[in-house]
Amino acid sequence: MHDVLIIGSGVIGMSIARQLSATNYDIAIIDRDVPGKHASYKAGGMLGAQNEFTEDNDLYKLAIESREMFPKLSESLLNETGIDIQFKDSGLIKIANQEDDLESLTRQYEFLRQMDSSVKLLSNDELIQLTNGNVEPAYGAIHIPNDGQINANKYTKALFKSLQQHHITRYYHQEVQSIDRRNGYYAVCTDQMSPIEAHKVIVASGAWSSQLLKNYSLPREVIGVKGEVLLLENDELDLEETLFMTNGCYIVPKQPNRFLIGATSEFNNYSVGTSEGGLNWLLDHASARVPELKNSRVLKEWSGVRPYTNNEMPLMDQIDDGLFVITGHYRNGILLSPVIGRDIANWLISGIKPPRYSSFSVKRRNNYEVYY
Ligand code: GLY
């Protein structure tokens with residue numbers, strides 16, 4: 001019998017396991033694949049703690065706090081595992097690529113600069129200068145110098161290695177079929193013979209979480225939003241900052257001379273693999289903004305599925321005695337993983353829901369409606 005079983009070995013599940021490994025709990029993690037198959041490993045790795053947010057709420061506060069944890073986290077993962085997650089605080093430029101988007105970008109700028117005076121509106125001359133002449137003039141742009149990025153692939157590997165070193169039980173290639181409450185514990189049935197038993201269970205299965213919790217008929221659900229991504233190589237392009245366009249296309253400079261181009265968004269699509277339409281969309285929008293990208297070599301293309309919830313608010317709650325659901329981080333899973341790892345581990349250890357987490361409850365209230 002484990003003390004805690006975490007279902008899902010993405011960055012959220014592994015960050016919680018890593019934090020819990022400081023206790024003497026018996027911890028296990030289960031995944032239908034091995035780490036490196038799904039959204040975490042496939043992400044662009046931009047932290048984007050400001051460009052995705054337009055109001056000061058609990059999610060925004062967690063995002064900023066989590067981003068601030070990355071410099072130390074990258075150092076401790078390097079010491080612990082020898083893997084460099086390539087944290088870079090090289091900033092982000094958000095660009096309005098249609099006239100209609102200028103108003104919302106300006107509103108976002110007004111909000112962001114109240115929270116962080118380093119956020120600046122850029123003229124086209126400043127935009128071109130900051131990007132070494134590589135970016136075409138736009139309808140508007142803002143510079144978010146405190147943003148950063150990591151290599152999501154290395155981050156996933158580092159967390160995985162850390163779990164191996166902490167002797168956490170790992171069940172891979174086992175698909176969970178049901179979570180059954182017994183007397184004081186849960187029996188988690190998989191496609192293997194005997195159920196896995198644990199006193200506490202954390203469902204951190206991203207876009208697949210709702211399917212595992214069907215019995216609970218949760219008022220808020222998670223659905224998958226597929227994103228396709230491309231990795232290009234270009235020796236001539238000198239660009240440091242992440243570029244994030246208001247149409248959802250982004251360019252994240254990676255080492256060495258590589259540029260990750262993301263990402264399409266297709267709701268309710270859980271399929272794996274890229275499409276001609278998706279790749280053309282990425283190439284067209286990225287090279288319209290940065291023409292030099294047309295001269296790149298395509299190194300890789302892949303896809304992942306983000307866990308989306310209504311109003312984009314994560315779902316982080318205890319839904320039964322000792323059964324937690326921690327998902328719905330949509331476009332922000334990499335960014336939020338350090339703070340969530342810390343907070344959920346503390347919640348389990350202390351039994352006290354962390355401050356701010358009532359915003360993420362299954363029966364959440366917001367300004368507009370009451371869900372249940
Ligand atoms: N965070 C960017 C994306 O989900 O595409």
# chains A, B, ... in the order shown; residues from 1 in each chain; ligands from 1
call {"tool": "residues_near_ligand", "arguments": {"ligand": "ligand 1", "cutoff": "6 Å", "atoms": "only C-alpha atoms and all ligand atoms", "output": "ChimeraX atom specification"}}
result
/A:262-263,331-332
call {"tool": "write_last_selection", "arguments": {"atoms": "all heavy atoms", "output": "compact mmCIF listing (two decimals), in the first residue's frame"}}
result
# COMPACT_ATOMS: atom_id res chain seq x y z
N GLY A 262 5.60 27.59 -32.51
CA GLY A 262 4.34 27.02 -32.02
C GLY A 262 3.23 27.97 -32.33
O GLY A 262 3.46 29.08 -32.76
N ALA A 263 2.13 27.66 -31.98
CA ALA A 263 1.51 26.38 -31.88
C ALA A 263 0.07 26.53 -32.36
O ALA A 263 -0.58 27.54 -32.09
CB ALA A 263 1.53 25.87 -30.45
N ARG A 331 -2.30 26.29 -21.20
CA ARG A 331 -1.11 26.74 -21.91
C ARG A 331 0.05 26.98 -20.96
O ARG A 331 1.11 27.45 -21.36
CB ARG A 331 -1.41 28.03 -22.67
CG ARG A 331 -2.57 27.91 -23.66
CD ARG A 331 -2.88 29.25 -24.27
NE ARG A 331 -1.78 29.77 -25.03
CZ ARG A 331 -1.57 29.52 -26.33
NH1 ARG A 331 -2.40 28.78 -27.01
NH2 ARG A 331 -0.53 30.04 -26.95
N ASN A 332 -0.17 26.70 -19.66
CA ASN A 332 0.78 27.17 -18.65
C ASN A 332 1.33 26.07 -17.74
O ASN A 332 1.78 26.36 -16.63
CB ASN A 332 0.11 28.25 -17.80
CG ASN A 332 -0.40 29.39 -18.67
OD1 ASN A 332 0.38 29.99 -19.41
ND2 ASN A 332 -1.68 29.66 -18.64
call {"tool": "closest_residue", "arguments": {"among": "A:Tyr109, A:Tyr25, A:Phe70, A:Tyr171", "to": "Phe87 (chain A)", "atoms": "only C-alpha atoms"}}
result
A:Phe70
call {"tool": "residues_around", "arguments": {"residues": "Glu103 (chain A)", "least_positions_apart": "5", "cutoff": "12 Å", "atoms": "only C-alpha atoms", "output": "number ranges by chain"}}
result
A: 95-98, 108-110, 139-141, 246
call {"tool": "write_last_selection", "arguments": {"atoms": "N, CA, C and O atoms", "output": "PDB file, in the first residue's frame"}}
result
ATOM      1  N   ILE A  95       3.394  40.720 -29.809  1.00  0.00           N
ATOM      2  CA  ILE A  95       3.206  41.515 -31.025  1.00  0.00           C
ATOM      3  C   ILE A  95       1.772  41.394 -31.532  1.00  0.00           C
ATOM      4  O   ILE A  95       1.256  40.285 -31.669  1.00  0.00           O
ATOM      5  N   ALA A  96       1.167  42.562 -31.827  1.00  0.00           N
ATOM      6  CA  ALA A  96      -0.166  42.541 -32.456  1.00  0.00           C
ATOM      7  C   ALA A  96       0.052  42.420 -33.953  1.00  0.00           C
ATOM      8  O   ALA A  96       0.635  43.319 -34.572  1.00  0.00           O
ATOM      9  N   ASN A  97      -0.353  41.326 -34.534  1.00  0.00           N
ATOM     10  CA  ASN A  97      -0.126  41.196 -35.971  1.00  0.00           C
ATOM     11  C   ASN A  97      -1.364  41.480 -36.808  1.00  0.00           C
ATOM     12  O   ASN A  97      -1.350  41.289 -37.999  1.00  0.00           O
ATOM     13  N   GLN A  98      -2.412  41.962 -36.140  1.00  0.00           N
ATOM     14  CA  GLN A  98      -3.580  42.459 -36.888  1.00  0.00           C
ATOM     15  C   GLN A  98      -4.016  43.742 -36.198  1.00  0.00           C
ATOM     16  O   GLN A  98      -3.896  43.847 -34.975  1.00  0.00           O
ATOM     17  N   GLN A 108      -3.886  44.989 -22.268  1.00  0.00           N
ATOM     18  CA  GLN A 108      -3.009  44.075 -21.522  1.00  0.00           C
ATOM     19  C   GLN A 108      -1.768  44.822 -21.027  1.00  0.00           C
ATOM     20  O   GLN A 108      -1.327  44.645 -19.891  1.00  0.00           O
ATOM     21  N   TYR A 109      -1.246  45.691 -21.874  1.00  0.00           N
ATOM     22  CA  TYR A 109      -0.080  46.492 -21.477  1.00  0.00           C
ATOM     23  C   TYR A 109      -0.408  47.366 -20.258  1.00  0.00           C
ATOM     24  O   TYR A 109       0.373  47.437 -19.301  1.00  0.00           O
ATOM     25  N   GLU A 110      -1.594  47.987 -20.274  1.00  0.00           N
ATOM     26  CA  GLU A 110      -1.996  48.853 -19.150  1.00  0.00           C
ATOM     27  C   GLU A 110      -2.020  48.037 -17.853  1.00  0.00           C
ATOM     28  O   GLU A 110      -1.580  48.493 -16.808  1.00  0.00           O
ATOM     29  N   TYR A 139       1.581  46.103 -35.846  1.00  0.00           N
ATOM     30  CA  TYR A 139       0.580  47.101 -35.432  1.00  0.00           C
ATOM     31  C   TYR A 139       0.832  47.600 -34.023  1.00  0.00           C
ATOM     32  O   TYR A 139       0.367  48.659 -33.638  1.00  0.00           O
ATOM     33  N   GLY A 140       1.564  46.808 -33.243  1.00  0.00           N
ATOM     34  CA  GLY A 140       1.891  47.212 -31.879  1.00  0.00           C
ATOM     35  C   GLY A 140       2.715  46.109 -31.237  1.00  0.00           C
ATOM     36  O   GLY A 140       2.637  44.955 -31.673  1.00  0.00           O
ATOM     37  N   ALA A 141       3.515  46.474 -30.230  1.00  0.00           N
ATOM     38  CA  ALA A 141       4.315  45.443 -29.561  1.00  0.00           C
ATOM     39  C   ALA A 141       4.624  45.880 -28.142  1.00  0.00           C
ATOM     40  O   ALA A 141       4.737  47.084 -27.865  1.00  0.00           O
ATOM     41  N   THR A 246      -0.247  37.826 -31.449  1.00  0.00           N
ATOM     42  CA  THR A 246      -1.620  37.782 -30.922  1.00  0.00           C
ATOM     43  C   THR A 246      -2.472  36.716 -31.630  1.00  0.00           C
ATOM     44  O   THR A 246      -3.531  36.355 -31.136  1.00  0.00           O
TER      45      THR A 246
END
call {"tool": "select_by_dssp", "arguments": {"residues": "region 53-203 of chain A", "states": "alpha helix (DSSP H)", "output": "MDAnalysis selection string"}}
result
chainID A and resid 58:81 102:115 124:130 152:165
call {"tool": "closest_residue", "arguments": {"among": "A:Leu121, A:Leu47, A:Leu59, A:Ala198", "to": "Ala28 (chain A)", "atoms": "only C-alpha atoms"}}
result
A:Ala198
call {"tool": "residues_around", "arguments": {"residues": "region 215-219 of chain A", "least_positions_apart": "2", "cutoff": "10 Å", "atoms": "only C-alpha atoms", "output": "PyMOL selection string"}}
result
chain A and resi 178-180+210-213+221-222+319-320+362-364+371-372
call {"tool": "closest_residue", "arguments": {"among": "A:Leu323, A:Leu335, A:Ala345, A:Met316", "to": "Ser358 (chain A)", "atoms": "only C-alpha atoms"}}
result
A:Met316
call {"tool": "residues_around", "arguments": {"residues": "Tyr270 (chain A)", "least_positions_apart": "3", "cutoff": "10 Å", "atoms": "only C-alpha atoms", "output": "list in words"}}
result
Ala207, Trp208, Ile223, Gly224, Val225, Lys226, Gly227, Glu266, Phe267, Gly273, Ser303, Gly304, Val305 and Arg306 of chain A
call {"tool": "write_last_selection", "arguments": {"atoms": "C-alpha atoms", "output": "PDB file, in the first residue's frame"}}
result
ATOM      1  CA  ALA A 207      -6.245  16.408 -20.851  1.00  0.00           C
ATOM      2  CA  TRP A 208      -7.221  12.845 -19.903  1.00  0.00           C
ATOM      3  CA  ILE A 223     -10.824  18.859 -22.655  1.00  0.00           C
ATOM      4  CA  GLY A 224      -7.834  18.412 -24.952  1.00  0.00           C
ATOM      5  CA  VAL A 225      -6.584  21.165 -27.244  1.00  0.00           C
ATOM      6  CA  LYS A 226      -4.076  19.831 -29.714  1.00  0.00           C
ATOM      7  CA  GLY A 227      -1.066  21.979 -30.595  1.00  0.00           C
ATOM      8  CA  GLU A 266      -7.503  22.513 -32.128  1.00  0.00           C
ATOM      9  CA  PHE A 267     -10.189  21.899 -29.525  1.00  0.00           C
ATOM     10  CA  GLY A 273       1.055  13.861 -35.182  1.00  0.00           C
ATOM     11  CA  SER A 303       2.215  17.702 -31.442  1.00  0.00           C
ATOM     12  CA  GLY A 304       0.885  17.704 -27.881  1.00  0.00           C
ATOM     13  CA  VAL A 305      -2.501  18.009 -26.183  1.00  0.00           C
ATOM     14  CA  ARG A 306      -3.096  20.804 -23.666  1.00  0.00           C
TER      15      ARG A 306
END
call {"tool": "atom_distance", "arguments": {"atom1": "CA of Ser15 (chain A)", "atom2": "CA of Asn269 (chain A)"}}
result
26.3 Å
call {"tool": "closest_residue", "arguments": {"among": "A:Asn24, A:Gln255, A:Thr169, A:Ser9", "to": "Ile349 (chain A)", "atoms": "only C-alpha atoms"}}
result
A:Asn24
call {"tool": "residues_around", "arguments": {"residues": "Gly44 (chain A)", "least_positions_apart": "4", "cutoff": "12 Å", "atoms": "only C-alpha atoms", "output": "PyMOL selection string"}}
result
chain A and resi 39-40+48+148-155+227-231+242-244+249-254+258-264+301-304+331-335
call {"tool": "decode", "arguments": {"residues": "region 47-96 of chain A", "atoms": "N, CA and C atoms", "output": "PDB file, in the first residue's frame"}}
result
ATOM      1  N   LEU A  47       8.141  30.555 -20.678  1.00  0.00           N
ATOM      2  CA  LEU A  47       7.456  30.615 -19.387  1.00  0.00           C
ATOM      3  C   LEU A  47       6.195  31.468 -19.516  1.00  0.00           C
ATOM      4  N   GLY A  48       6.310  32.633 -20.124  1.00  0.00           N
ATOM      5  CA  GLY A  48       5.108  33.406 -20.475  1.00  0.00           C
ATOM      6  C   GLY A  48       4.206  33.711 -19.295  1.00  0.00           C
ATOM      7  N   ALA A  49       4.812  34.118 -18.179  1.00  0.00           N
ATOM      8  CA  ALA A  49       3.987  34.366 -16.994  1.00  0.00           C
ATOM      9  C   ALA A  49       3.175  35.643 -17.122  1.00  0.00           C
ATOM     10  N   GLN A  50       3.515  36.486 -18.094  1.00  0.00           N
ATOM     11  CA  GLN A  50       2.750  37.728 -18.224  1.00  0.00           C
ATOM     12  C   GLN A  50       1.966  37.796 -19.529  1.00  0.00           C
ATOM     13  N   ASN A  51       2.517  37.240 -20.598  1.00  0.00           N
ATOM     14  CA  ASN A  51       1.853  37.449 -21.889  1.00  0.00           C
ATOM     15  C   ASN A  51       0.534  36.710 -22.019  1.00  0.00           C
ATOM     16  N   GLU A  52       0.296  35.714 -21.170  1.00  0.00           N
ATOM     17  CA  GLU A  52      -0.970  34.971 -21.273  1.00  0.00           C
ATOM     18  C   GLU A  52      -2.032  35.544 -20.333  1.00  0.00           C
ATOM     19  N   PHE A  53      -1.705  36.582 -19.559  1.00  0.00           N
ATOM     20  CA  PHE A  53      -2.623  37.041 -18.512  1.00  0.00           C
ATOM     21  C   PHE A  53      -3.027  38.500 -18.696  1.00  0.00           C
ATOM     22  N   THR A  54      -4.268  38.767 -18.333  1.00  0.00           N
ATOM     23  CA  THR A  54      -4.777  40.124 -18.539  1.00  0.00           C
ATOM     24  C   THR A  54      -5.429  40.704 -17.286  1.00  0.00           C
ATOM     25  N   GLU A  55      -5.426  39.927 -16.195  1.00  0.00           N
ATOM     26  CA  GLU A  55      -5.987  40.490 -14.956  1.00  0.00           C
ATOM     27  C   GLU A  55      -5.265  39.912 -13.745  1.00  0.00           C
ATOM     28  N   ASP A  56      -5.330  40.676 -12.658  1.00  0.00           N
ATOM     29  CA  ASP A  56      -4.649  40.272 -11.436  1.00  0.00           C
ATOM     30  C   ASP A  56      -5.564  39.333 -10.649  1.00  0.00           C
ATOM     31  N   ASN A  57      -5.328  38.055 -10.818  1.00  0.00           N
ATOM     32  CA  ASN A  57      -6.132  37.083 -10.069  1.00  0.00           C
ATOM     33  C   ASN A  57      -5.196  36.031  -9.467  1.00  0.00           C
ATOM     34  N   ASP A  58      -5.763  35.035  -8.825  1.00  0.00           N
ATOM     35  CA  ASP A  58      -4.918  34.041  -8.151  1.00  0.00           C
ATOM     36  C   ASP A  58      -4.025  33.275  -9.121  1.00  0.00           C
ATOM     37  N   LEU A  59      -4.532  33.048 -10.322  1.00  0.00           N
ATOM     38  CA  LEU A  59      -3.722  32.327 -11.308  1.00  0.00           C
ATOM     39  C   LEU A  59      -2.512  33.167 -11.726  1.00  0.00           C
ATOM     40  N   TYR A  60      -2.755  34.450 -11.957  1.00  0.00           N
ATOM     41  CA  TYR A  60      -1.649  35.345 -12.327  1.00  0.00           C
ATOM     42  C   TYR A  60      -0.596  35.380 -11.206  1.00  0.00           C
ATOM     43  N   LYS A  61      -1.063  35.441  -9.959  1.00  0.00           N
ATOM     44  CA  LYS A  61      -0.110  35.503  -8.837  1.00  0.00           C
ATOM     45  C   LYS A  61       0.722  34.223  -8.772  1.00  0.00           C
ATOM     46  N   LEU A  62       0.050  33.087  -8.963  1.00  0.00           N
ATOM     47  CA  LEU A  62       0.802  31.820  -8.957  1.00  0.00           C
ATOM     48  C   LEU A  62       1.816  31.783 -10.101  1.00  0.00           C
ATOM     49  N   ALA A  63       1.390  32.316 -11.263  1.00  0.00           N
ATOM     50  CA  ALA A  63       2.268  32.287 -12.441  1.00  0.00           C
ATOM     51  C   ALA A  63       3.545  33.081 -12.174  1.00  0.00           C
ATOM     52  N   ILE A  64       3.392  34.258 -11.585  1.00  0.00           N
ATOM     53  CA  ILE A  64       4.573  35.098 -11.314  1.00  0.00           C
ATOM     54  C   ILE A  64       5.462  34.423 -10.265  1.00  0.00           C
ATOM     55  N   GLU A  65       4.818  33.879  -9.239  1.00  0.00           N
ATOM     56  CA  GLU A  65       5.601  33.225  -8.185  1.00  0.00           C
ATOM     57  C   GLU A  65       6.365  32.024  -8.755  1.00  0.00           C
ATOM     58  N   SER A  66       5.700  31.283  -9.624  1.00  0.00           N
ATOM     59  CA  SER A  66       6.316  30.091 -10.190  1.00  0.00           C
ATOM     60  C   SER A  66       7.486  30.467 -11.090  1.00  0.00           C
ATOM     61  N   ARG A  67       7.285  31.510 -11.892  1.00  0.00           N
ATOM     62  CA  ARG A  67       8.384  31.920 -12.777  1.00  0.00           C
ATOM     63  C   ARG A  67       9.626  32.281 -11.963  1.00  0.00           C
ATOM     64  N   GLU A  68       9.395  32.900 -10.806  1.00  0.00           N
ATOM     65  CA  GLU A  68      10.532  33.306  -9.983  1.00  0.00           C
ATOM     66  C   GLU A  68      11.267  32.112  -9.374  1.00  0.00           C
ATOM     67  N   MET A  69      10.644  30.948  -9.409  1.00  0.00           N
ATOM     68  CA  MET A  69      11.296  29.766  -8.835  1.00  0.00           C
ATOM     69  C   MET A  69      12.281  29.109  -9.826  1.00  0.00           C
ATOM     70  N   PHE A  70      12.181  29.463 -11.121  1.00  0.00           N
ATOM     71  CA  PHE A  70      12.979  28.733 -12.110  1.00  0.00           C
ATOM     72  C   PHE A  70      14.501  28.876 -11.984  1.00  0.00           C
ATOM     73  N   PRO A  71      15.034  30.073 -11.700  1.00  0.00           N
ATOM     74  CA  PRO A  71      16.503  30.140 -11.617  1.00  0.00           C
ATOM     75  C   PRO A  71      17.055  29.151 -10.577  1.00  0.00           C
ATOM     76  N   LYS A  72      16.448  29.107  -9.394  1.00  0.00           N
ATOM     77  CA  LYS A  72      16.929  28.189  -8.341  1.00  0.00           C
ATOM     78  C   LYS A  72      16.658  26.742  -8.715  1.00  0.00           C
ATOM     79  N   LEU A  73      15.473  26.504  -9.280  1.00  0.00           N
ATOM     80  CA  LEU A  73      15.097  25.140  -9.659  1.00  0.00           C
ATOM     81  C   LEU A  73      16.075  24.599 -10.703  1.00  0.00           C
ATOM     82  N   SER A  74      16.433  25.435 -11.662  1.00  0.00           N
ATOM     83  CA  SER A  74      17.322  24.926 -12.716  1.00  0.00           C
ATOM     84  C   SER A  74      18.679  24.598 -12.111  1.00  0.00           C
ATOM     85  N   GLU A  75      19.101  25.388 -11.125  1.00  0.00           N
ATOM     86  CA  GLU A  75      20.382  25.112 -10.462  1.00  0.00           C
ATOM     87  C   GLU A  75      20.297  23.796  -9.667  1.00  0.00           C
ATOM     88  N   SER A  76      19.189  23.628  -8.937  1.00  0.00           N
ATOM     89  CA  SER A  76      19.112  22.424  -8.103  1.00  0.00           C
ATOM     90  C   SER A  76      18.936  21.173  -8.957  1.00  0.00           C
ATOM     91  N   LEU A  77      18.214  21.280 -10.090  1.00  0.00           N
ATOM     92  CA  LEU A  77      18.103  20.094 -10.954  1.00  0.00           C
ATOM     93  C   LEU A  77      19.454  19.760 -11.593  1.00  0.00           C
ATOM     94  N   LEU A  78      20.222  20.796 -11.910  1.00  0.00           N
ATOM     95  CA  LEU A  78      21.556  20.545 -12.490  1.00  0.00           C
ATOM     96  C   LEU A  78      22.448  19.823 -11.477  1.00  0.00           C
ATOM     97  N   ASN A  79      22.431  20.311 -10.237  1.00  0.00           N
ATOM     98  CA  ASN A  79      23.247  19.663  -9.199  1.00  0.00           C
ATOM     99  C   ASN A  79      22.794  18.239  -8.933  1.00  0.00           C
ATOM    100  N   GLU A  80      21.481  18.066  -8.946  1.00  0.00           N
ATOM    101  CA  GLU A  80      20.931  16.769  -8.578  1.00  0.00           C
ATOM    102  C   GLU A  80      21.061  15.733  -9.696  1.00  0.00           C
ATOM    103  N   THR A  81      20.862  16.180 -10.941  1.00  0.00           N
ATOM    104  CA  THR A  81      20.740  15.205 -12.038  1.00  0.00           C
ATOM    105  C   THR A  81      21.802  15.372 -13.115  1.00  0.00           C
ATOM    106  N   GLY A  82      22.533  16.492 -13.094  1.00  0.00           N
ATOM    107  CA  GLY A  82      23.505  16.760 -14.156  1.00  0.00           C
ATOM    108  C   GLY A  82      22.839  17.261 -15.439  1.00  0.00           C
ATOM    109  N   ILE A  83      21.531  17.473 -15.422  1.00  0.00           N
ATOM    110  CA  ILE A  83      20.837  17.939 -16.639  1.00  0.00           C
ATOM    111  C   ILE A  83      20.560  19.438 -16.529  1.00  0.00           C
ATOM    112  N   ASP A  84      20.995  20.159 -17.565  1.00  0.00           N
ATOM    113  CA  ASP A  84      20.778  21.602 -17.618  1.00  0.00           C
ATOM    114  C   ASP A  84      19.454  21.854 -18.342  1.00  0.00           C
ATOM    115  N   ILE A  85      18.503  22.457 -17.657  1.00  0.00           N
ATOM    116  CA  ILE A  85      17.190  22.676 -18.295  1.00  0.00           C
ATOM    117  C   ILE A  85      17.195  23.960 -19.143  1.00  0.00           C
ATOM    118  N   GLN A  86      18.356  24.584 -19.259  1.00  0.00           N
ATOM    119  CA  GLN A  86      18.590  25.734 -20.152  1.00  0.00           C
ATOM    120  C   GLN A  86      17.650  26.902 -19.872  1.00  0.00           C
ATOM    121  N   PHE A  87      17.542  27.250 -18.601  1.00  0.00           N
ATOM    122  CA  PHE A  87      16.748  28.427 -18.239  1.00  0.00           C
ATOM    123  C   PHE A  87      17.430  29.677 -18.803  1.00  0.00           C
ATOM    124  N   LYS A  88      16.640  30.511 -19.471  1.00  0.00           N
ATOM    125  CA  LYS A  88      17.173  31.784 -19.997  1.00  0.00           C
ATOM    126  C   LYS A  88      16.150  32.872 -19.696  1.00  0.00           C
ATOM    127  N   ASP A  89      16.605  33.970 -19.112  1.00  0.00           N
ATOM    128  CA  ASP A  89      15.650  35.054 -18.832  1.00  0.00           C
ATOM    129  C   ASP A  89      15.799  36.137 -19.894  1.00  0.00           C
ATOM    130  N   SER A  90      15.626  35.732 -21.140  1.00  0.00           N
ATOM    131  CA  SER A  90      15.929  36.655 -22.236  1.00  0.00           C
ATOM    132  C   SER A  90      14.740  37.483 -22.701  1.00  0.00           C
ATOM    133  N   GLY A  91      13.616  37.412 -21.982  1.00  0.00           N
ATOM    134  CA  GLY A  91      12.505  38.305 -22.286  1.00  0.00           C
ATOM    135  C   GLY A  91      11.597  37.816 -23.403  1.00  0.00           C
ATOM    136  N   LEU A  92      10.473  38.504 -23.509  1.00  0.00           N
ATOM    137  CA  LEU A  92       9.461  38.117 -24.500  1.00  0.00           C
ATOM    138  C   LEU A  92       8.876  39.386 -25.110  1.00  0.00           C
ATOM    139  N   ILE A  93       8.609  39.325 -26.390  1.00  0.00           N
ATOM    140  CA  ILE A  93       7.951  40.459 -27.054  1.00  0.00           C
ATOM    141  C   ILE A  93       6.594  39.980 -27.543  1.00  0.00           C
ATOM    142  N   LYS A  94       5.558  40.649 -27.116  1.00  0.00           N
ATOM    143  CA  LYS A  94       4.220  40.286 -27.602  1.00  0.00           C
ATOM    144  C   LYS A  94       3.835  41.270 -28.709  1.00  0.00           C
ATOM    145  N   ILE A  95       3.394  40.720 -29.809  1.00  0.00           N
ATOM    146  CA  ILE A  95       3.206  41.515 -31.025  1.00  0.00           C
ATOM    147  C   ILE A  95       1.772  41.394 -31.532  1.00  0.00           C
ATOM    148  N   ALA A  96       1.167  42.562 -31.827  1.00  0.00           N
ATOM    149  CA  ALA A  96      -0.166  42.541 -32.456  1.00  0.00           C
ATOM    150  C   ALA A  96       0.052  42.420 -33.953  1.00  0.00           C
TER     151      ALA A  96
END
